[in-house]
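The data block below is data_25.cif; it holds mmCIF, C-alpha atoms.
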```cif
data_work
loop_
_atom_site.label_atom_id
_atom_site.label_comp_id
_atom_site.auth_asym_id
_atom_site.auth_seq_id
_atom_site.Cartn_x
_atom_site.Cartn_y
_atom_site.Cartn_z
CA MET A 1 50.34 160.92 83.75
CA ILE A 2 51.66 157.59 84.99
CA ALA A 3 53.92 156.04 82.39
CA PHE A 4 53.59 152.31 81.87
CA CYS A 5 53.98 149.87 79.01
CA TYR A 6 54.26 146.19 78.15
CA TYR A 7 57.46 144.53 77.05
CA ASN A 8 57.69 142.36 73.99
CA SER A 9 59.65 139.21 74.85
CA SER A 10 60.43 138.66 71.16
CA ILE A 11 62.78 141.66 71.00
CA HIS A 12 66.38 140.55 70.47
CA LEU A 13 69.70 142.29 70.00
CA ARG A 14 70.36 142.99 66.33
CA GLN A 15 73.94 144.20 66.42
CA ASP A 16 76.27 143.40 69.32
CA SER A 17 76.25 140.03 71.03
CA TRP A 18 75.57 139.79 74.74
CA GLY A 19 79.13 138.60 75.17
CA ARG A 20 80.55 141.81 73.75
CA ARG A 21 78.19 143.89 75.87
CA LYS A 22 79.21 142.01 79.00
CA ARG A 23 82.89 142.57 78.22
CA ASP A 24 82.23 146.26 77.59
CA ARG A 25 80.29 146.52 80.84
CA ARG A 26 83.02 144.74 82.84
CA TRP A 27 85.61 147.08 81.34
CA HIS A 28 83.49 150.12 82.18
CA GLN A 29 82.84 148.97 85.75
CA SER A 30 86.53 148.25 86.26
CA THR A 31 87.41 151.69 84.91
CA GLN A 32 84.84 153.31 87.19
CA ARG A 33 86.30 151.55 90.23
CA GLN A 34 89.74 152.81 89.35
CA ARG A 35 88.43 156.34 88.89
CA PHE A 36 86.82 156.58 92.29
CA ARG A 37 89.35 154.85 94.55
CA CYS A 38 90.99 158.15 95.44
CA PRO A 39 90.11 159.07 99.05
CA ARG A 40 88.57 162.44 99.86
CA LEU A 41 91.17 164.78 101.36
CA LEU A 42 90.53 166.45 104.70
CA PRO A 43 89.64 170.15 104.43
CA ALA A 44 92.46 170.99 106.85
CA VAL A 45 95.11 169.90 104.37
CA ALA A 46 93.25 170.84 101.19
CA GLY A 47 94.97 174.20 100.96
CA VAL A 48 98.38 172.51 101.18
CA LEU A 49 97.94 169.55 98.84
CA LEU A 50 95.43 170.89 96.34
CA HIS A 51 95.37 173.79 93.99
CA ALA A 52 92.83 176.12 95.59
CA CYS A 53 90.66 178.66 93.81
CA THR A 54 90.40 181.27 96.56
CA PRO A 55 88.78 184.72 96.29
CA GLY A 56 90.21 187.77 97.94
CA GLY A 57 89.61 188.03 101.71
CA ASP A 58 89.26 185.40 104.40
CA GLY A 59 87.32 182.16 104.19
CA PRO A 60 87.75 178.74 102.63
CA PRO A 61 88.45 178.39 98.91
CA LEU A 62 85.64 178.24 96.39
CA ALA A 63 87.02 175.04 94.90
CA VAL A 64 89.95 172.66 95.14
CA GLN A 65 91.62 170.91 92.24
CA ARG A 66 93.92 167.92 91.99
CA ASP A 67 95.05 165.29 89.52
CA SER A 68 94.57 161.55 89.91
CA ALA A 69 95.94 159.09 87.34
CA GLY A 70 95.80 161.75 84.62
CA ILE A 71 92.27 162.87 85.50
CA THR A 72 91.70 166.38 86.83
CA ILE A 73 89.25 166.52 89.74
CA VAL A 74 87.60 169.89 90.44
CA GLU A 75 85.56 169.95 93.65
CA SER A 76 83.52 173.08 94.39
CA LEU A 77 83.00 173.84 98.08
CA ARG A 78 80.70 176.84 97.69
CA PRO A 79 79.31 179.06 94.90
CA ALA A 80 81.12 182.12 93.59
CA TRP A 81 77.94 184.21 93.39
CA GLY A 82 76.56 185.58 96.61
CA ASN A 83 79.50 184.28 98.63
CA PRO A 84 79.38 185.94 102.09
CA ALA A 85 83.17 186.13 102.24
CA GLN A 86 83.09 188.44 99.25
CA THR A 87 81.67 191.91 98.78
CA ASP A 88 78.28 192.68 97.29
CA SER A 89 79.91 192.69 93.86
CA ALA A 90 79.72 188.88 93.81
CA GLU A 91 75.94 189.00 93.85
CA SER A 92 75.88 191.60 91.10
CA ASN A 93 77.88 189.21 88.91
CA ALA A 94 75.15 186.57 89.06
CA TRP A 95 73.44 185.77 85.77
CA ARG A 96 69.72 186.50 85.43
CA ILE A 97 66.92 185.54 83.07
CA ASP A 98 64.35 188.22 82.30
CA PRO A 99 60.92 186.52 82.56
CA ARG A 100 59.44 188.91 79.97
CA PRO A 101 59.81 187.22 76.56
CA ILE A 102 61.56 189.08 73.80
CA LEU A 103 59.80 186.75 71.34
CA ASN A 104 56.71 184.53 71.64
CA LEU A 105 56.11 182.33 68.59
CA SER A 106 52.49 181.77 69.62
CA GLU A 107 51.86 185.51 69.25
CA SER A 108 54.27 186.50 66.46
CA GLY A 109 51.82 185.40 63.79
CA THR A 110 48.46 183.75 63.18
CA GLY A 111 47.25 180.42 61.87
CA ASP A 112 48.07 176.80 62.58
CA ALA A 113 51.82 177.39 62.28
CA HIS A 114 51.70 179.42 65.50
CA SER A 115 49.71 176.81 67.47
CA PHE A 116 51.89 174.24 69.20
CA TYR A 117 51.37 170.85 70.78
CA GLN A 118 53.95 168.44 72.24
CA VAL A 119 57.02 170.57 71.53
CA ARG A 120 60.10 168.38 71.91
CA GLY A 121 62.85 170.76 70.89
CA MET A 122 63.64 174.36 70.04
CA THR A 123 66.92 175.92 68.94
CA ARG A 124 68.45 178.62 66.77
CA LEU A 125 70.36 178.23 63.50
CA PRO A 126 73.47 180.24 62.53
CA ASP A 127 71.33 182.55 60.33
CA ARG A 128 69.35 183.47 63.52
CA SER A 129 66.22 181.66 62.39
CA LEU A 130 64.46 179.38 64.90
CA VAL A 131 63.44 175.76 64.47
CA VAL A 132 60.86 174.00 66.63
CA LEU A 133 60.07 170.29 66.74
CA ASN A 134 56.28 170.12 67.09
CA ALA A 135 55.74 166.43 67.78
CA GLY A 136 51.96 166.84 67.75
CA SER A 137 52.16 167.22 63.96
CA ASP A 138 55.52 165.40 63.49
CA GLU A 139 57.07 168.40 61.78
CA ILE A 140 59.88 170.90 62.12
CA ARG A 141 58.69 174.50 61.87
CA GLN A 142 61.12 177.26 60.96
CA PHE A 143 60.67 180.91 61.93
CA SER A 144 62.60 184.07 61.15
CA ALA A 145 64.54 185.89 63.86
CA ASP A 146 61.50 188.13 64.48
CA GLY A 147 59.06 185.20 64.62
CA GLY A 148 57.67 185.13 61.09
CA PHE A 149 56.75 181.65 59.82
CA LEU A 150 59.14 180.52 57.06
CA GLY A 151 57.89 176.99 56.44
CA SER A 152 57.85 173.45 57.76
CA PHE A 153 59.25 170.09 56.81
CA GLY A 154 58.82 166.49 57.89
CA GLY A 155 55.21 165.81 58.77
CA SER A 156 53.36 162.62 59.60
CA GLY A 157 53.51 160.16 56.76
CA GLN A 158 54.03 156.83 58.50
CA GLY A 159 57.65 157.21 57.45
CA GLN A 160 56.79 156.33 53.86
CA GLY A 161 58.08 159.46 52.16
CA PRO A 162 61.55 161.05 52.23
CA GLY A 163 61.98 163.16 55.34
CA GLU A 164 58.66 162.13 56.87
CA PHE A 165 58.46 161.10 60.52
CA THR A 166 56.40 158.51 62.34
CA ASN A 167 57.16 159.68 65.89
CA ALA A 168 59.82 162.40 65.94
CA GLN A 169 61.67 162.24 69.26
CA GLN A 170 64.52 164.74 69.19
CA LEU A 171 65.86 167.82 67.42
CA GLU A 172 69.63 168.44 67.33
CA VAL A 173 71.52 171.13 65.41
CA ALA A 174 75.18 171.01 64.40
CA GLY A 175 76.06 174.29 62.69
CA ASP A 176 73.56 174.65 59.86
CA THR A 177 72.79 170.92 59.79
CA ILE A 178 69.55 169.74 61.40
CA LEU A 179 69.28 166.22 62.80
CA VAL A 180 65.91 164.69 63.66
CA VAL A 181 65.75 161.35 65.48
CA ASP A 182 62.62 159.36 64.74
CA ARG A 183 61.35 156.10 66.18
CA ASP A 184 63.55 152.97 65.98
CA GLY A 185 66.77 154.92 65.50
CA VAL A 186 65.96 156.49 62.11
CA MET A 187 67.79 159.82 61.75
CA SER A 188 67.02 162.42 59.08
CA VAL A 189 69.77 164.88 58.17
CA PHE A 190 68.72 168.24 56.69
CA GLY A 191 71.01 170.87 55.21
CA PRO A 192 70.33 174.59 54.64
CA GLY A 193 67.11 175.28 52.79
CA PRO A 194 66.13 173.03 54.47
CA VAL A 195 67.01 170.18 52.11
CA LEU A 196 66.92 166.52 53.07
CA ILE A 197 70.47 165.23 52.67
CA ARG A 198 69.95 161.67 53.80
CA GLU A 199 68.09 159.30 56.06
CA THR A 200 70.10 156.78 58.00
CA ARG A 201 69.38 154.14 60.60
CA LEU A 202 71.36 154.12 63.80
CA ALA A 203 70.98 151.37 66.39
CA ARG A 204 67.43 150.53 67.38
CA ARG A 205 66.28 152.08 70.66
CA THR A 206 68.47 155.14 70.12
CA LEU A 207 67.39 157.51 72.87
CA ALA A 208 69.12 160.70 71.71
CA VAL A 209 72.09 162.03 69.73
CA HIS A 210 74.52 164.86 70.53
CA ALA A 211 76.87 166.51 68.03
CA ILE A 212 80.61 166.23 68.82
CA GLY A 213 82.60 168.12 66.24
CA THR A 214 82.36 168.26 62.47
CA GLY A 215 80.09 165.59 61.04
CA ARG A 216 80.13 163.36 64.15
CA LEU A 217 77.76 162.56 66.99
CA VAL A 218 77.45 160.42 70.08
CA ALA A 219 74.30 158.33 70.38
CA ARG A 220 72.70 157.07 73.59
CA ILE A 221 71.30 153.58 73.06
CA VAL A 222 69.10 151.60 75.44
CA PRO A 223 69.50 147.82 75.03
CA PRO A 224 66.42 145.60 74.80
CA ILE A 225 65.27 144.96 78.34
CA PRO A 226 64.58 141.38 79.39
CA GLU A 227 62.14 140.62 82.16
CA LEU A 228 63.83 142.11 85.20
CA GLY A 229 63.11 142.07 88.87
CA ARG A 230 61.42 145.11 90.30
CA LEU A 231 63.65 148.18 90.84
CA THR A 232 66.47 148.18 88.32
CA ARG A 233 68.63 150.58 86.34
CA VAL A 234 68.83 150.23 82.59
CA PRO A 235 72.31 151.10 81.24
CA GLU A 236 72.79 153.14 78.08
CA ALA A 237 75.54 152.42 75.58
CA LEU A 238 77.43 155.37 74.10
CA ARG A 239 78.42 155.02 70.45
CA THR A 240 79.92 157.49 68.02
CA TYR A 241 78.68 157.83 64.44
CA ARG A 242 79.25 160.01 61.43
CA PHE A 243 76.26 161.86 60.04
CA ASP A 244 76.01 159.29 57.23
CA GLY A 245 75.39 156.55 59.81
CA SER A 246 78.79 154.91 59.52
CA GLY A 247 80.83 154.10 62.58
CA GLY A 248 78.89 152.95 65.60
CA ASP A 249 82.03 152.62 67.73
CA SER A 250 81.39 151.90 71.41
CA ILE A 251 83.03 154.36 73.82
CA GLY A 252 81.45 153.14 77.07
CA TRP A 253 78.25 153.26 79.08
CA THR A 254 76.21 155.52 81.30
CA PRO A 255 74.07 154.12 84.14
CA GLY A 256 70.91 155.07 82.23
CA TYR A 257 67.59 155.39 84.02
CA GLU A 258 65.88 153.63 86.90
CA ASP A 259 62.87 151.45 86.14
CA TYR A 260 60.42 149.46 88.22
CA VAL A 261 59.60 146.28 86.32
CA VAL A 262 57.25 143.51 87.39
CA GLY A 263 56.53 140.86 84.81
CA ASP A 264 55.27 142.54 81.66
CA MET A 265 54.64 145.94 83.26
CA ARG A 266 56.90 148.86 84.06
CA ILE A 267 56.34 152.13 85.88
CA VAL A 268 58.53 155.11 86.62
CA PRO A 269 60.00 154.80 90.15
CA LEU A 270 59.55 157.47 92.79
CA PHE A 271 62.31 160.10 92.58
CA GLN A 272 63.61 158.39 89.44
CA LYS A 273 67.33 158.81 88.73
CA LYS A 274 68.45 159.27 85.13
CA ALA A 275 71.79 159.70 83.44
CA VAL A 276 72.41 162.95 81.54
CA VAL A 277 74.62 163.60 78.52
CA GLY A 278 75.75 166.86 76.91
CA THR A 279 78.46 167.93 74.49
CA HIS A 280 80.61 170.96 73.75
CA GLY A 281 83.01 170.92 70.84
CA GLY A 282 84.69 167.53 70.85
CA ARG A 283 84.02 166.82 74.53
CA ILE A 284 81.24 164.72 76.09
CA PHE A 285 79.81 165.39 79.54
CA THR A 286 77.96 162.67 81.44
CA GLY A 287 76.40 162.33 84.86
CA SER A 288 74.52 159.57 86.66
CA SER A 289 72.49 161.92 88.97
CA ASP A 290 73.36 159.65 91.93
CA ARG A 291 75.54 162.44 93.27
CA MET A 292 76.37 166.03 92.37
CA GLN A 293 79.11 165.02 89.96
CA LEU A 294 79.83 165.08 86.22
CA GLU A 295 82.50 163.48 84.05
CA GLU A 296 84.08 165.09 80.99
CA MET A 297 85.29 162.71 78.28
CA THR A 298 87.04 162.93 74.94
CA ALA A 299 85.23 161.73 71.82
CA SER A 300 87.02 158.39 72.23
CA GLY A 301 85.61 157.88 75.72
CA ASP A 302 88.64 158.78 77.86
CA THR A 303 87.75 160.64 81.06
CA VAL A 304 89.79 163.83 81.48
CA ARG A 305 87.94 165.68 84.26
CA ILE A 306 85.60 165.00 87.16
CA LEU A 307 83.51 167.92 88.41
CA ARG A 308 81.96 167.75 91.89
CA LEU A 309 79.82 169.96 94.10
CA ALA A 310 80.42 168.96 97.69
CA VAL A 311 77.65 170.57 99.72
CA PHE A 312 74.38 168.96 98.59
CA ASP A 313 72.23 166.76 100.82
CA LEU A 314 70.25 164.34 98.64
CA ALA A 315 68.53 162.44 101.46
CA VAL A 316 64.76 161.82 101.18
CA SER A 317 62.76 161.31 104.38
CA GLU A 318 60.08 158.65 104.65
CA ALA A 319 57.43 161.39 104.85
CA GLU A 320 58.68 162.96 101.62
CA ALA A 321 58.70 159.59 99.85
CA VAL A 322 55.16 158.79 101.03
CA ALA A 323 53.95 162.22 99.87
CA GLU A 324 55.44 161.56 96.42
CA ARG A 325 53.73 158.17 96.21
CA ASP A 326 50.40 159.70 97.26
CA ALA A 327 50.77 162.41 94.60
CA ARG A 328 51.36 159.76 91.96
CA LEU A 329 48.32 157.79 93.09
CA ALA A 330 46.18 160.93 92.86
CA ALA A 331 47.56 162.08 89.50
CA PRO A 332 45.05 162.57 86.65
CA THR A 333 44.82 159.67 84.20
CA PRO A 334 44.02 159.87 80.44
CA GLN A 335 40.41 160.78 79.71
CA GLY A 336 39.72 160.77 83.46
CA ARG A 337 39.59 156.98 83.59
CA ARG A 338 40.29 155.18 86.83
CA MET A 339 43.84 153.95 87.32
CA PRO A 340 44.03 150.22 86.56
CA PRO A 341 43.97 148.28 89.86
CA ARG A 342 47.13 146.38 88.96
CA LEU A 343 49.03 149.60 88.32
CA GLN A 344 47.74 151.08 91.57
CA GLN A 345 48.94 148.02 93.45
CA LEU A 346 52.38 148.30 91.86
CA LEU A 347 52.65 151.91 93.01
CA GLU A 348 51.58 151.01 96.55
CA ASP A 349 54.11 148.14 96.70
CA MET A 350 56.98 150.14 95.23
CA PRO A 351 59.94 150.57 97.62
CA LEU A 352 60.31 154.07 99.04
CA PRO A 353 63.51 155.85 97.96
CA THR A 354 65.98 157.21 100.49
CA THR A 355 67.74 159.65 98.15
CA ARG A 356 66.70 162.04 95.39
CA PRO A 357 68.38 162.67 92.02
CA ALA A 358 71.10 165.31 92.15
CA TYR A 359 69.72 166.85 88.94
CA ALA A 360 67.18 166.14 86.20
CA ASP A 361 68.83 167.48 83.04
CA MET A 362 71.96 169.14 81.70
CA ILE A 363 72.68 171.69 78.97
CA VAL A 364 76.14 172.88 77.95
CA ASP A 365 75.90 176.37 76.43
CA PRO A 366 78.03 177.71 73.52
CA ALA A 367 80.56 179.22 75.96
CA GLY A 368 81.07 175.85 77.66
CA ALA A 369 79.17 176.70 80.87
CA ILE A 370 77.30 173.69 82.28
CA TRP A 371 73.69 174.13 83.41
CA LEU A 372 72.00 171.56 85.67
CA ARG A 373 68.22 171.51 86.03
CA PRO A 374 67.08 170.62 89.57
CA PHE A 375 64.92 167.57 90.12
CA ARG A 376 61.40 168.27 91.30
CA GLY A 377 59.00 165.54 92.37
CA MET A 378 55.30 165.56 91.60
CA SER A 379 54.59 166.34 95.26
CA GLU A 380 57.02 169.25 95.49
CA GLY A 381 54.89 171.97 93.96
CA GLY A 382 55.54 174.57 91.32
CA GLY A 383 57.33 177.87 91.34
CA PRO A 384 60.52 178.98 89.56
CA GLU A 385 63.40 176.55 89.06
CA SER A 386 66.93 177.39 90.21
CA TRP A 387 69.37 175.88 87.73
CA LEU A 388 72.93 175.31 88.95
CA VAL A 389 75.67 176.74 86.72
CA LEU A 390 79.31 175.65 86.45
CA GLU A 391 81.84 177.73 84.57
CA PRO A 392 83.79 176.09 81.68
CA GLY A 393 86.64 175.43 84.12
CA GLY A 394 84.30 173.34 86.24
CA ARG A 395 83.85 175.64 89.25
CA TRP A 396 80.37 176.22 90.66
CA LEU A 397 79.21 179.76 89.91
CA GLY A 398 75.79 179.66 91.56
CA SER A 399 72.13 179.43 90.55
CA VAL A 400 70.02 181.07 87.86
CA GLU A 401 66.26 181.30 88.35
CA VAL A 402 64.09 180.03 85.48
CA PRO A 403 60.50 181.39 85.45
CA GLU A 404 57.68 179.15 86.64
CA GLY A 405 56.09 177.05 83.91
CA PHE A 406 59.02 177.53 81.49
CA ARG A 407 60.61 174.39 79.99
CA VAL A 408 64.15 175.16 78.81
CA TRP A 409 65.19 173.59 75.50
CA ASP A 410 68.34 175.50 74.62
CA ILE A 411 70.64 178.14 76.10
CA GLY A 412 72.62 180.68 74.07
CA ILE A 413 75.10 183.35 74.99
CA ASP A 414 72.45 186.00 75.71
CA GLU A 415 69.17 184.10 75.48
CA VAL A 416 67.25 181.09 76.73
CA LEU A 417 64.90 179.20 74.41
CA GLY A 418 62.02 177.15 75.68
CA VAL A 419 58.29 176.67 76.07
CA TRP A 420 56.07 178.41 78.60
CA HIS A 421 52.86 176.64 79.62
CA ASP A 422 50.00 178.95 80.52
CA GLU A 423 47.21 178.21 83.03
CA LEU A 424 45.32 176.25 80.34
CA ASP A 425 48.50 174.26 79.53
CA VAL A 426 48.74 175.94 76.11
CA GLN A 427 52.33 175.88 74.85
CA HIS A 428 54.14 179.12 73.99
CA PRO A 429 57.63 178.74 72.47
CA GLN A 430 59.52 181.79 73.71
CA VAL A 431 62.91 183.47 73.73
CA LEU A 432 63.96 185.02 77.05
CA ARG A 433 66.89 187.39 77.57
CA LEU A 434 69.87 186.06 79.55
CA ASN A 435 71.98 188.68 81.28
CA ARG A 436 75.44 187.33 82.12
#
```
Rewrite the coordinates I just gave you, this time as structure tokens.
Amino acid sequence: MIAFCYYNSSIHLRQDSWGRRKRDRRWHQSTQRQRFRCPRLLPAVAGVLLHACTPGGDGPPLAVQRDSAGITIVESLRPAWGNPAQTDSAESNAWRIDPRPILNLSESGTGDAHSFYQVRGMTRLPDRSLVVLNAGSDEIRQFSADGGFLGSFGGSGQGQGPGEFTNAQQLEVAGDTILVVDRDGVMSVFGPGPVLIRETRLARRTLAVHAIGTGRLVARIVPPIPELGRLTRVPEALRTYRFDGSGGDSIGWTPGYEDYVVGDMRIVPLFQKKAVVGTHGGRIFTGSSDRMQLEEMTASGDTVRILRLAVFDLAVSEAEAVAERDARLAAPTPQGRRMPPRLQQLLEDMPLPTTRPAYADMIVDPAGAIWLRPFRGMSEGGGPESWLVLEPGGRWLGSVEVPEGFRVWDIGIDEVLGVWHDELDVQHPQVLRLNR
């Protein structure tokens, strides 16, 4: 489906002034320039000047590490799994996902509770029960560890009743507390039971929230977008809140997502780049997807580590870009209606990209390992996905294959939670076994 919408010119900022945002942005840009002024060291002297993570035997190190202005930079040169300089034991250490589900919520019971549409989140609670955000019915469904239906909460009610949703966007769990982000920055907080503890309003246009420690979260906020010229990138503000909605302290920005805007219309650019955000404990991980790099920050926004993978070619040929545009032009439209001529013209006039996103999503698992989902264009076919995995220390371990048609929503120590789409595009929330 081709995403497009119309902008409302009457939208204005309700909280921060443009002056404060400009100061914040100038500070962030200045900080970014300082972070990346350090020149890349030549490989010939890397082993002398950098701390090298080298396996037994000959060959270059797996990664090099150095400090710059109090920031640790970890640059991986090659993966630890399947490294030819090592023995076959390296390959045997690779993690694997068993494609055979150990639980399928579409088949673990009968009735409407086991039929799913527009799943936007799935995770496990400390008591081993599972919760699924089924946006098609604007409700959270809870299931026992063996897949039995326990009940639901929320539901479509135009937001008029306590705990009701109008357009539930995201599910986040912090311990036994469930956070649901609805439209316009309304967040519902549920405790065990589940019992609605409170509803609070964060900033409007809150894109997502991520828990960072006890009773705190970082929110990604997209500012109102004025009429912009063609290809642009919309920055996201990062603010920290308590679960009761207090706080709202700015800790910086991410580059946000690319947009193609002409007048009152917007469409998703070809090979669209997006920023990603994840958390683990009190740390925040961000990435722009412009390059194979991530930043690790404290909850106050101070960068402490930069993680890089040095061997990825992100170039896109003209033929690849044209094939992606042609695939978009041929994509099915709602109810089989013809694509509006104006939208078709915008797609045909859109500039062709020369690079692809380094990744499309990020998940930090409970052990602190960082998983990066590869970007795949509409023209690039199906098949399994090979997620990149970094160990908690930041070194590149290798890739883990995710079965074809499986959308990952959460990753545990020994399991992967997500939704498999069958040949009829029916959604099956499943739990797959992860062998580390």
| Using the chain letters and numbers from the file, which residues does the PyMOL selection byres ((chain A and resi 268) around 10) grab, as a PyMOL selection string? | chain A and resi 2-4+231+257-261+266-267+269-273+347
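Note that CA of Lys274 (chain A) and CA of Glu318 (chain A) are 21.2 Å apart.
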| task | Mind giving me the straight-line distance from CA of Leu372 (chain A) to CA of Ala360 (chain A) in Å, one decimal? | result | 7.3 Å
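Under the PyMOL selection byres ((chain A and resi 197) around 12), the matching residues in the shown file are Pro162, Gly163, Thr177, Ile178, Leu179, Val180, Met187, Ser188, Val189, Phe190, Gly191, Pro192, Gly193, Pro194, Val195, Leu196, Arg198, Glu199, Thr200, Phe243 and Asp244 of chain A.
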Taking the file as I've supplied it (selection: the PyMOL selection byres ((chain A and resi 290-297) around 8)), which residues are included? Please answer as a CSV table (one decimal) with C-alpha atoms, in the frame of the given file.
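Okay, part38.csv is ready:
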```csv
chain,number,residue,atom,x,y,z
A,273,LYS,CA,67.3,158.8,88.7
A,283,ARG,CA,84.0,166.8,74.5
A,284,ILE,CA,81.2,164.7,76.1
A,285,PHE,CA,79.8,165.4,79.5
A,286,THR,CA,78.0,162.7,81.4
A,287,GLY,CA,76.4,162.3,84.9
A,288,SER,CA,74.5,159.6,86.7
A,289,SER,CA,72.5,161.9,89.0
A,298,THR,CA,87.0,162.9,74.9
A,299,ALA,CA,85.2,161.7,71.8
A,300,SER,CA,87.0,158.4,72.2
A,301,GLY,CA,85.6,157.9,75.7
A,302,ASP,CA,88.6,158.8,77.9
A,303,THR,CA,87.8,160.6,81.1
A,304,VAL,CA,89.8,163.8,81.5
A,305,ARG,CA,87.9,165.7,84.3
A,306,ILE,CA,85.6,165.0,87.2
A,307,LEU,CA,83.5,167.9,88.4
A,308,ARG,CA,82.0,167.8,91.9
A,309,LEU,CA,79.8,170.0,94.1
A,310,ALA,CA,80.4,169.0,97.7
A,312,PHE,CA,74.4,169.0,98.6
A,314,LEU,CA,70.2,164.3,98.6
A,356,ARG,CA,66.7,162.0,95.4
A,357,PRO,CA,68.4,162.7,92.0
A,358,ALA,CA,71.1,165.3,92.2
A,359,TYR,CA,69.7,166.8,88.9
```
| query | Suppose you want the space between CA of Ala327 (chain A) and CA of Glu385 (chain A); what is it in Å? | reply | 19.8 Å
| said: Which residue is closest to Pro99 (chain A)? Choose from A:Val400, A:Val262, A:Ala135, A:Leu424 and count all atoms listed in the file. | reply: A:Val400
| query | Could you name the residues that touch region 118-126 of chain A at 9 Å or less, counting all atoms listed in the file, but leaving out those on the same chain fewer than 4 positions away, as a PyMOL selection string? | reply | chain A and resi 130-137+145+168-178+408-412+417-419+427+429
| Neighbours of Ser115 (chain A) within 9 Å (all atoms listed in the file; same-chain residues fewer than 5 positions away dropped), as a ChimeraX atom specification? | /A:105-106,110,426-428
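Proximity ranking of A:Gly213, A:Gly109, A:Gly245, A:Gly263 relative to Leu346 (chain A) places A:Gly263 first, based on all atoms listed in the file.
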Complete region 359-373 of chain A at the level of N, CA and C atoms, written as a JSON list (two decimals), keeping the file's coordinate frame.
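The resulting result_30.json:
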```json
[["chain", "number", "residue", "atom", "x", "y", "z"],
["A", 359, "TYR", "N", 70.18, 165.95, 89.99],
["A", 359, "TYR", "CA", 69.72, 166.85, 88.94],
["A", 359, "TYR", "C", 68.85, 166.07, 87.98],
["A", 360, "ALA", "N", 68.12, 166.78, 87.12],
["A", 360, "ALA", "CA", 67.18, 166.14, 86.20],
["A", 360, "ALA", "C", 67.58, 166.29, 84.74],
["A", 361, "ASP", "N", 68.44, 167.26, 84.43],
["A", 361, "ASP", "CA", 68.83, 167.48, 83.04],
["A", 361, "ASP", "C", 70.09, 168.32, 83.02],
["A", 362, "MET", "N", 70.75, 168.35, 81.87],
["A", 362, "MET", "CA", 71.96, 169.14, 81.70],
["A", 362, "MET", "C", 72.00, 169.76, 80.32],
["A", 363, "ILE", "N", 72.43, 171.01, 80.24],
["A", 363, "ILE", "CA", 72.68, 171.69, 78.97],
["A", 363, "ILE", "C", 74.04, 172.36, 79.06],
["A", 364, "VAL", "N", 74.87, 172.18, 78.04],
["A", 364, "VAL", "CA", 76.14, 172.88, 77.95],
["A", 364, "VAL", "C", 75.98, 173.99, 76.92],
["A", 365, "ASP", "N", 76.16, 175.25, 77.34],
["A", 365, "ASP", "CA", 75.90, 176.37, 76.43],
["A", 365, "ASP", "C", 77.08, 176.61, 75.50],
["A", 366, "PRO", "N", 76.95, 177.51, 74.51],
["A", 366, "PRO", "CA", 78.03, 177.71, 73.52],
["A", 366, "PRO", "C", 79.35, 178.16, 74.13],
["A", 367, "ALA", "N", 79.32, 178.78, 75.31],
["A", 367, "ALA", "CA", 80.56, 179.22, 75.96],
["A", 367, "ALA", "C", 81.21, 178.10, 76.76],
["A", 368, "GLY", "N", 80.53, 176.96, 76.89],
["A", 368, "GLY", "CA", 81.07, 175.85, 77.66],
["A", 368, "GLY", "C", 80.60, 175.80, 79.10],
["A", 369, "ALA", "N", 79.74, 176.75, 79.52],
["A", 369, "ALA", "CA", 79.17, 176.70, 80.87],
["A", 369, "ALA", "C", 78.18, 175.54, 80.95],
["A", 370, "ILE", "N", 78.14, 174.87, 82.09],
["A", 370, "ILE", "CA", 77.30, 173.69, 82.28],
["A", 370, "ILE", "C", 76.12, 174.07, 83.18],
["A", 371, "TRP", "N", 74.91, 173.82, 82.69],
["A", 371, "TRP", "CA", 73.69, 174.13, 83.41],
["A", 371, "TRP", "C", 73.02, 172.83, 83.85],
["A", 372, "LEU", "N", 72.65, 172.74, 85.12],
["A", 372, "LEU", "CA", 72.00, 171.56, 85.67],
["A", 372, "LEU", "C", 70.60, 171.93, 86.17],
["A", 373, "ARG", "N", 69.60, 171.26, 85.61],
["A", 373, "ARG", "CA", 68.22, 171.51, 86.03],
["A", 373, "ARG", "C", 67.93, 170.73, 87.30]]
```
